[in-house]
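K.L.:
What follows is a single structure, and I will ask about it in a moment.
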Amino acid sequence: MPGSGHERDEEPLMQFVPAIVQKLREKAARFHAITDRIGEREIATDGRKLAALLMERGSLENSAELVNRLDVLIERRADLERILSDTSNDADLIEMAREDLKALEDDEFALDAHIKDALISEPADHRKKLIVEIRAGVGGDEATLFVADLYKIYRRFAEAKRWRIEDLEASHSEVGGLKEIVFAIEGEGAWRALRFESGGHRVQRVPATEAQGRIHTSAATVAVLAEADEVEVNFRPDDLRIETMRAGGAGGQHVNKTESAVRITHIPTGLVAICQDGRSQHKNKASAMRMLTARVLDQEEQKRHAERSAERKSQVGSGDRSQRIRTYNWPQNRVTDHRLNENVSLEQVLAGKLDPLLEKLDSVEREERIRAL
């Protein structure tokens with residue numbers, strides 16, 4: 001029956017690539033297998049395992065629905081082709097079948113695009129929470145001012161989307177810039193929009209302190225990390241070393257006499273997160289844990305990316321933090337994205353209008369994933 005989902009073995013339509021249809025059916029089969037499993041006592045009583053399966057099931061639900069739509073189209077095409085091949089049918093019926101077949105081809109074309117989108121979609125694409133880390137690079141004070149500019153750009157972009165923004169940690173420079181800023185963003189489509197912002201950002205402009213009017217080049221590094229769900233990263237108590245210190249650094253040279261700053265080390269990886277921006281030790285510990293968890297998840301994602309890079313070399317989002325991805329040229333009012341080899345207005349970017357760049361990057365990645373199917 002059409003719509004049953006996981007038992008049909010009909011040949012796919014000519015315009016659908018058989019291997020692609022097979023992959024879709026495999027995803028749908030996995031969806032139905034998970035649906036059967038989540039009712040089992042062993043799963044239903046294990047909150048962590050159940051949450052992980054429900055997350056995977058949610059990412060596969062669209063594939064199952066697309067298989068149902070595909071099966072309906074297969075039956076429609078078979079019915080129409082039977083009418084066209086039966087010479088005993090009258091001319092009016094045959095003409096109606098030809099017209100219906102043309103309309104069906106439009107439906108098939110649209111479904112083909114939806115199927116490809118479902119196959120290239122990964123669970124991580126639908127994350128709503130992320131952590132952005134921006135750090136000053138070469139350029140001294142000017143680099144810290146550039147970090148502040150980048151922070152304003154992303155904040156304006158997020159505010160326009162009505163996403164939630166939360167500052168986690170900041171280190172200010174003497175000239176009013178930021179040596180480092182770490183903040184969280186939460187909202188529908190946040191990860192998909194900003195995932196390719198990781199990398200080196202370069203600015204070319206005349207610093208306010210430059211008497212000769214010479215153009216200086218400074219840099220900053222942006223890291224966009226997915227904020228892990230509880231089911232994705234599970235720390236054992238022995239894996240963490242939690243230390244408290246006086247705000248201002250490990251040396252304790254600060255007017256604050258209480259040990260409100262927190263440093264958490266993930267012993268297996270050596271990754272560290274320090275938070276001293278808040279006055280509450282409890283709040284700093286919570287923020288540091290969020291930052292550390294995101295960094296551990298990011299390291300795991302980088303490993304997975306490296307493992308598949310030989311078979312899929314992405315034009316964007318290499319994950320290499322040292323890759324220079326964008327130059328902001330103040331004198332020429334221009335921003336150049338080096339992955340797209342395209343320029344956009346600096347004025348628009350400073351206003352947080354990043355959509356033109358981000359949509360093109362997403363499109364490039366989509367095409368690359370389709371080619372890799």
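Ligands are numbered from 1 in the order shown, chains are lettered A, B, ... in the order of the structure tokens, and residues start at 1 in each chain.
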Could you name the residues that touch range 324-330 of chain A at 6 Å or less, counting only C-alpha atoms, but leaving out those on the same chain fewer than 5 positions away, as an mmCIF file with all heavy atoms, in the first residue's frame?
P.N.:
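After the write, around_16.cif holds the following:
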data_model
loop_
_atom_site.group_PDB
_atom_site.id
_atom_site.type_symbol
_atom_site.label_atom_id
_atom_site.label_comp_id
_atom_site.auth_asym_id
_atom_site.auth_seq_id
_atom_site.Cartn_x
_atom_site.Cartn_y
_atom_site.Cartn_z
ATOM 1 N N GLY A 199 37.266 30.689 11.811
ATOM 2 C CA GLY A 199 38.464 30.927 11.011
ATOM 3 C C GLY A 199 39.064 32.289 11.286
ATOM 4 O O GLY A 199 38.690 32.977 12.240
ATOM 5 N N GLY A 200 40.009 32.659 10.453
ATOM 6 C CA GLY A 200 40.694 33.930 10.624
ATOM 7 C C GLY A 200 39.984 35.073 9.923
ATOM 8 O O GLY A 200 39.617 34.973 8.751
ATOM 9 N N HIS A 201 39.782 36.167 10.634
ATOM 10 C CA HIS A 201 39.161 37.375 10.087
ATOM 11 C C HIS A 201 40.214 38.488 10.125
ATOM 12 O O HIS A 201 40.847 38.705 11.163
ATOM 13 C CB HIS A 201 37.934 37.779 10.909
ATOM 14 C CG HIS A 201 36.811 36.784 10.832
ATOM 15 N ND1 HIS A 201 35.564 37.094 10.316
ATOM 16 C CD2 HIS A 201 36.743 35.479 11.219
ATOM 17 C CE1 HIS A 201 34.784 36.024 10.384
ATOM 18 N NE2 HIS A 201 35.484 35.037 10.939
ATOM 19 N N ARG A 202 40.379 39.180 9.009
ATOM 20 C CA ARG A 202 41.423 40.202 8.904
ATOM 21 C C ARG A 202 40.803 41.566 8.631
ATOM 22 O O ARG A 202 39.837 41.673 7.872
ATOM 23 C CB ARG A 202 42.379 39.834 7.760
ATOM 24 C CG ARG A 202 43.572 40.752 7.612
ATOM 25 C CD ARG A 202 44.489 40.264 6.501
ATOM 26 N NE ARG A 202 43.856 40.377 5.202
ATOM 27 C CZ ARG A 202 44.500 40.224 4.042
ATOM 28 N NH1 ARG A 202 45.781 39.925 4.039
ATOM 29 N NH2 ARG A 202 43.865 40.361 2.896
ATOM 30 N N VAL A 203 41.369 42.604 9.252
ATOM 31 C CA VAL A 203 40.872 43.959 9.041
ATOM 32 C C VAL A 203 41.995 44.836 8.499
ATOM 33 O O VAL A 203 43.141 44.723 8.932
ATOM 34 C CB VAL A 203 40.288 44.560 10.339
ATOM 35 C CG1 VAL A 203 41.354 44.656 11.427
ATOM 36 C CG2 VAL A 203 39.674 45.935 10.077
ATOM 37 N N GLN A 204 41.646 45.673 7.559
ATOM 38 C CA GLN A 204 42.597 46.642 7.000
ATOM 39 C C GLN A 204 41.987 48.027 7.146
ATOM 40 O O GLN A 204 40.952 48.326 6.553
ATOM 41 C CB GLN A 204 42.866 46.332 5.519
ATOM 42 C CG GLN A 204 43.572 45.005 5.310
ATOM 43 C CD GLN A 204 43.717 44.652 3.842
ATOM 44 O OE1 GLN A 204 42.854 44.965 3.022
ATOM 45 N NE2 GLN A 204 44.811 43.979 3.491
ATOM 46 N N ARG A 205 42.626 48.866 7.979
ATOM 47 C CA ARG A 205 42.117 50.212 8.190
ATOM 48 C C ARG A 205 43.188 51.065 8.877
ATOM 49 O O ARG A 205 44.209 50.562 9.356
ATOM 50 C CB ARG A 205 40.853 50.189 9.042
ATOM 51 C CG ARG A 205 41.027 49.663 10.463
ATOM 52 C CD ARG A 205 39.691 49.573 11.159
ATOM 53 N NE ARG A 205 39.765 48.953 12.475
ATOM 54 C CZ ARG A 205 38.727 48.600 13.207
ATOM 55 N NH1 ARG A 205 37.497 48.826 12.737
ATOM 56 N NH2 ARG A 205 38.878 48.047 14.395
ATOM 57 N N VAL A 335 33.950 44.108 2.136
ATOM 58 C CA VAL A 335 34.263 42.874 2.855
ATOM 59 C C VAL A 335 34.409 41.773 1.819
ATOM 60 O O VAL A 335 33.527 41.583 0.973
ATOM 61 C CB VAL A 335 33.160 42.500 3.867
ATOM 62 C CG1 VAL A 335 33.432 41.121 4.471
ATOM 63 C CG2 VAL A 335 33.055 43.549 4.968
ATOM 64 N N THR A 336 35.518 41.061 1.859
ATOM 65 C CA THR A 336 35.784 39.991 0.906
ATOM 66 C C THR A 336 35.741 38.647 1.615
ATOM 67 O O THR A 336 36.466 38.423 2.582
ATOM 68 C CB THR A 336 37.170 40.158 0.259
ATOM 69 O OG1 THR A 336 37.245 41.429 -0.385
ATOM 70 C CG2 THR A 336 37.431 39.063 -0.776
ATOM 71 N N ASP A 337 34.874 37.767 1.131
ATOM 72 C CA ASP A 337 34.875 36.393 1.635
ATOM 73 C C ASP A 337 35.740 35.570 0.690
ATOM 74 O O ASP A 337 35.426 35.420 -0.486
ATOM 75 C CB ASP A 337 33.453 35.823 1.694
ATOM 76 C CG ASP A 337 33.410 34.525 2.486
ATOM 77 O OD1 ASP A 337 33.911 33.512 1.966
ATOM 78 O OD2 ASP A 337 32.909 34.516 3.631
ATOM 79 N N HIS A 338 36.850 35.053 1.202
ATOM 80 C CA HIS A 338 37.836 34.393 0.353
ATOM 81 C C HIS A 338 37.391 33.008 -0.113
ATOM 82 O O HIS A 338 37.911 32.504 -1.108
ATOM 83 C CB HIS A 338 39.171 34.305 1.099
ATOM 84 C CG HIS A 338 39.686 35.641 1.525
ATOM 85 N ND1 HIS A 338 40.124 36.587 0.621
ATOM 86 C CD2 HIS A 338 39.803 36.217 2.749
ATOM 87 C CE1 HIS A 338 40.506 37.677 1.280
ATOM 88 N NE2 HIS A 338 40.308 37.481 2.566
#
K.L.:
So, with only C-alpha atoms as the atoms that count, which of A:Ile153, A:Ala118, A:Ala170, A:Val222 lies closest to Lys353 in chain A?
P.N.:
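Checking each of A:Ile153, A:Ala118, A:Ala170, A:Val222 against Lys353 in chain A, counting only C-alpha atoms, the winner is A:Ile153.
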K.L.:
Under the rule of at most 10 Å, produce a per-residue listing of range 90-153 of chain A near range 166-169 of chain A: chain, number, name, the closest pair of atoms, and the distance in Å, as a Markdown table, using only C-alpha atoms.
P.N.:
| residue | atom | partner | partner_atom | distance |
| --- | --- | --- | --- | --- |
| A:Ile131 | CA | A:Leu168 | CA | 9.0 |
| A:Val132 | CA | A:Asp167 | CA | 9.6 |
| A:Glu133 | CA | A:Glu169 | CA | 9.2 |
K.L.:
Would you compute the distance between CA of Arg192 in chain A and CA of Thr221 in chain A? Give it in Å to one decimal.
P.N.:
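It comes out at 19.3 Å.
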K.L.:
Within 10 Å of Arg155 in chain A, counting only C-alpha atoms, which residues qualify if same-chain residues fewer than 6 places away don't, as a list in words?
P.N.:
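Contacts, in chain order: Asp149, Lys161, Trp163, Arg164, Ile165, Glu166, Phe183, Ile185, Ala351 and Gly352 of chain A.
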K.L.:
Give me the residues within 8 Å of range 291-296 of chain A as a list in words, counting only C-alpha atoms and dropping any in the same chain fewer than 5 places off.
P.N.:
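Close residues of range 291-296 of chain A: Ile131, Leu225, Ala226, Glu227, Ala228, Val233, Ile264, Thr265, His266, Thr269, Leu271, Val272 and Ala273 of chain A.
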K.L.:
Print the selection's residues with all heavy atoms to a file, as a CSV table (one decimal), in the first residue's frame.
P.N.:
chain,number,residue,atom,x,y,z
A,131,ILE,N,28.1,28.4,20.8
A,131,ILE,CA,28.9,29.3,21.5
A,131,ILE,C,30.0,29.9,20.6
A,131,ILE,O,30.6,29.1,19.8
A,131,ILE,CB,29.6,28.5,22.7
A,131,ILE,CG1,28.6,28.2,23.8
A,131,ILE,CG2,30.8,29.4,23.3
A,131,ILE,CD1,29.2,27.4,25.0
A,225,LEU,N,31.2,27.1,18.0
A,225,LEU,CA,31.1,25.8,18.6
A,225,LEU,C,29.7,25.4,18.9
A,225,LEU,O,28.9,26.2,19.5
A,225,LEU,CB,31.9,25.7,19.9
A,225,LEU,CG,33.3,26.3,19.9
A,225,LEU,CD1,33.9,26.1,21.3
A,225,LEU,CD2,34.2,25.6,18.9
A,226,ALA,N,29.3,24.2,18.5
A,226,ALA,CA,27.9,23.8,18.9
A,226,ALA,C,27.9,23.6,20.4
A,226,ALA,O,28.8,23.0,20.9
A,226,ALA,CB,27.6,22.5,18.1
A,227,GLU,N,26.8,24.1,21.0
A,227,GLU,CA,26.6,23.8,22.4
A,227,GLU,C,26.0,22.5,22.6
A,227,GLU,O,24.9,22.2,22.1
A,227,GLU,CB,25.8,24.9,23.1
A,227,GLU,CG,25.8,24.7,24.6
A,227,GLU,CD,25.3,26.0,25.4
A,227,GLU,OE1,25.0,27.0,24.7
A,227,GLU,OE2,25.4,25.9,26.6
A,228,ALA,N,26.7,21.6,23.3
A,228,ALA,CA,26.3,20.2,23.4
A,228,ALA,C,25.0,20.0,24.2
A,228,ALA,O,24.8,20.7,25.2
A,228,ALA,CB,27.4,19.4,24.0
A,233,VAL,N,27.6,14.7,25.3
A,233,VAL,CA,28.8,14.7,26.1
A,233,VAL,C,28.5,14.4,27.5
A,233,VAL,O,27.8,15.1,28.2
A,233,VAL,CB,29.6,16.1,26.0
A,233,VAL,CG1,30.9,16.0,26.8
A,233,VAL,CG2,29.9,16.4,24.5
A,264,ILE,N,38.2,24.9,34.8
A,264,ILE,CA,37.9,23.4,34.7
A,264,ILE,C,38.8,22.8,33.6
A,264,ILE,O,38.8,23.3,32.4
A,264,ILE,CB,36.4,23.2,34.4
A,264,ILE,CG1,35.5,23.9,35.4
A,264,ILE,CG2,36.1,21.7,34.3
A,264,ILE,CD1,34.0,23.8,35.1
A,265,THR,N,39.4,21.8,33.9
A,265,THR,CA,40.3,21.1,32.9
A,265,THR,C,39.7,19.7,32.6
A,265,THR,O,39.3,18.9,33.5
A,265,THR,CB,41.7,20.9,33.5
A,265,THR,OG1,42.3,22.1,33.8
A,265,THR,CG2,42.6,20.2,32.5
A,266,HIS,N,39.6,19.4,31.3
A,266,HIS,CA,39.1,18.0,30.9
A,266,HIS,C,40.4,17.2,30.8
A,266,HIS,O,41.1,17.4,29.8
A,266,HIS,CB,38.3,18.1,29.6
A,266,HIS,CG,37.8,16.8,29.2
A,266,HIS,ND1,38.1,16.2,28.0
A,266,HIS,CD2,37.0,15.9,29.8
A,266,HIS,CE1,37.5,15.0,27.9
A,266,HIS,NE2,36.8,14.8,29.0
A,269,THR,N,41.6,15.2,27.4
A,269,THR,CA,41.9,16.0,26.3
A,269,THR,C,42.9,17.1,26.6
A,269,THR,O,43.5,17.7,25.7
A,269,THR,CB,40.7,16.5,25.6
A,269,THR,OG1,40.0,17.4,26.5
A,269,THR,CG2,39.7,15.4,25.2
A,271,LEU,N,41.9,20.0,27.5
A,271,LEU,CA,41.1,21.2,27.2
A,271,LEU,C,40.8,21.9,28.5
A,271,LEU,O,40.4,21.3,29.5
A,271,LEU,CB,39.9,20.9,26.4
A,271,LEU,CG,40.1,20.4,24.9
A,271,LEU,CD1,38.8,19.9,24.3
A,271,LEU,CD2,40.7,21.5,24.1
A,272,VAL,N,40.8,23.3,28.4
A,272,VAL,CA,40.6,24.1,29.6
A,272,VAL,C,39.6,25.2,29.4
A,272,VAL,O,39.6,25.7,28.3
A,272,VAL,CB,41.9,24.7,30.1
A,272,VAL,CG1,41.7,25.6,31.4
A,272,VAL,CG2,43.0,23.6,30.4
A,273,ALA,N,38.8,25.4,30.3
A,273,ALA,CA,37.8,26.6,30.3
A,273,ALA,C,38.0,27.4,31.6
A,273,ALA,O,37.9,26.8,32.7
A,273,ALA,CB,36.4,26.1,30.0
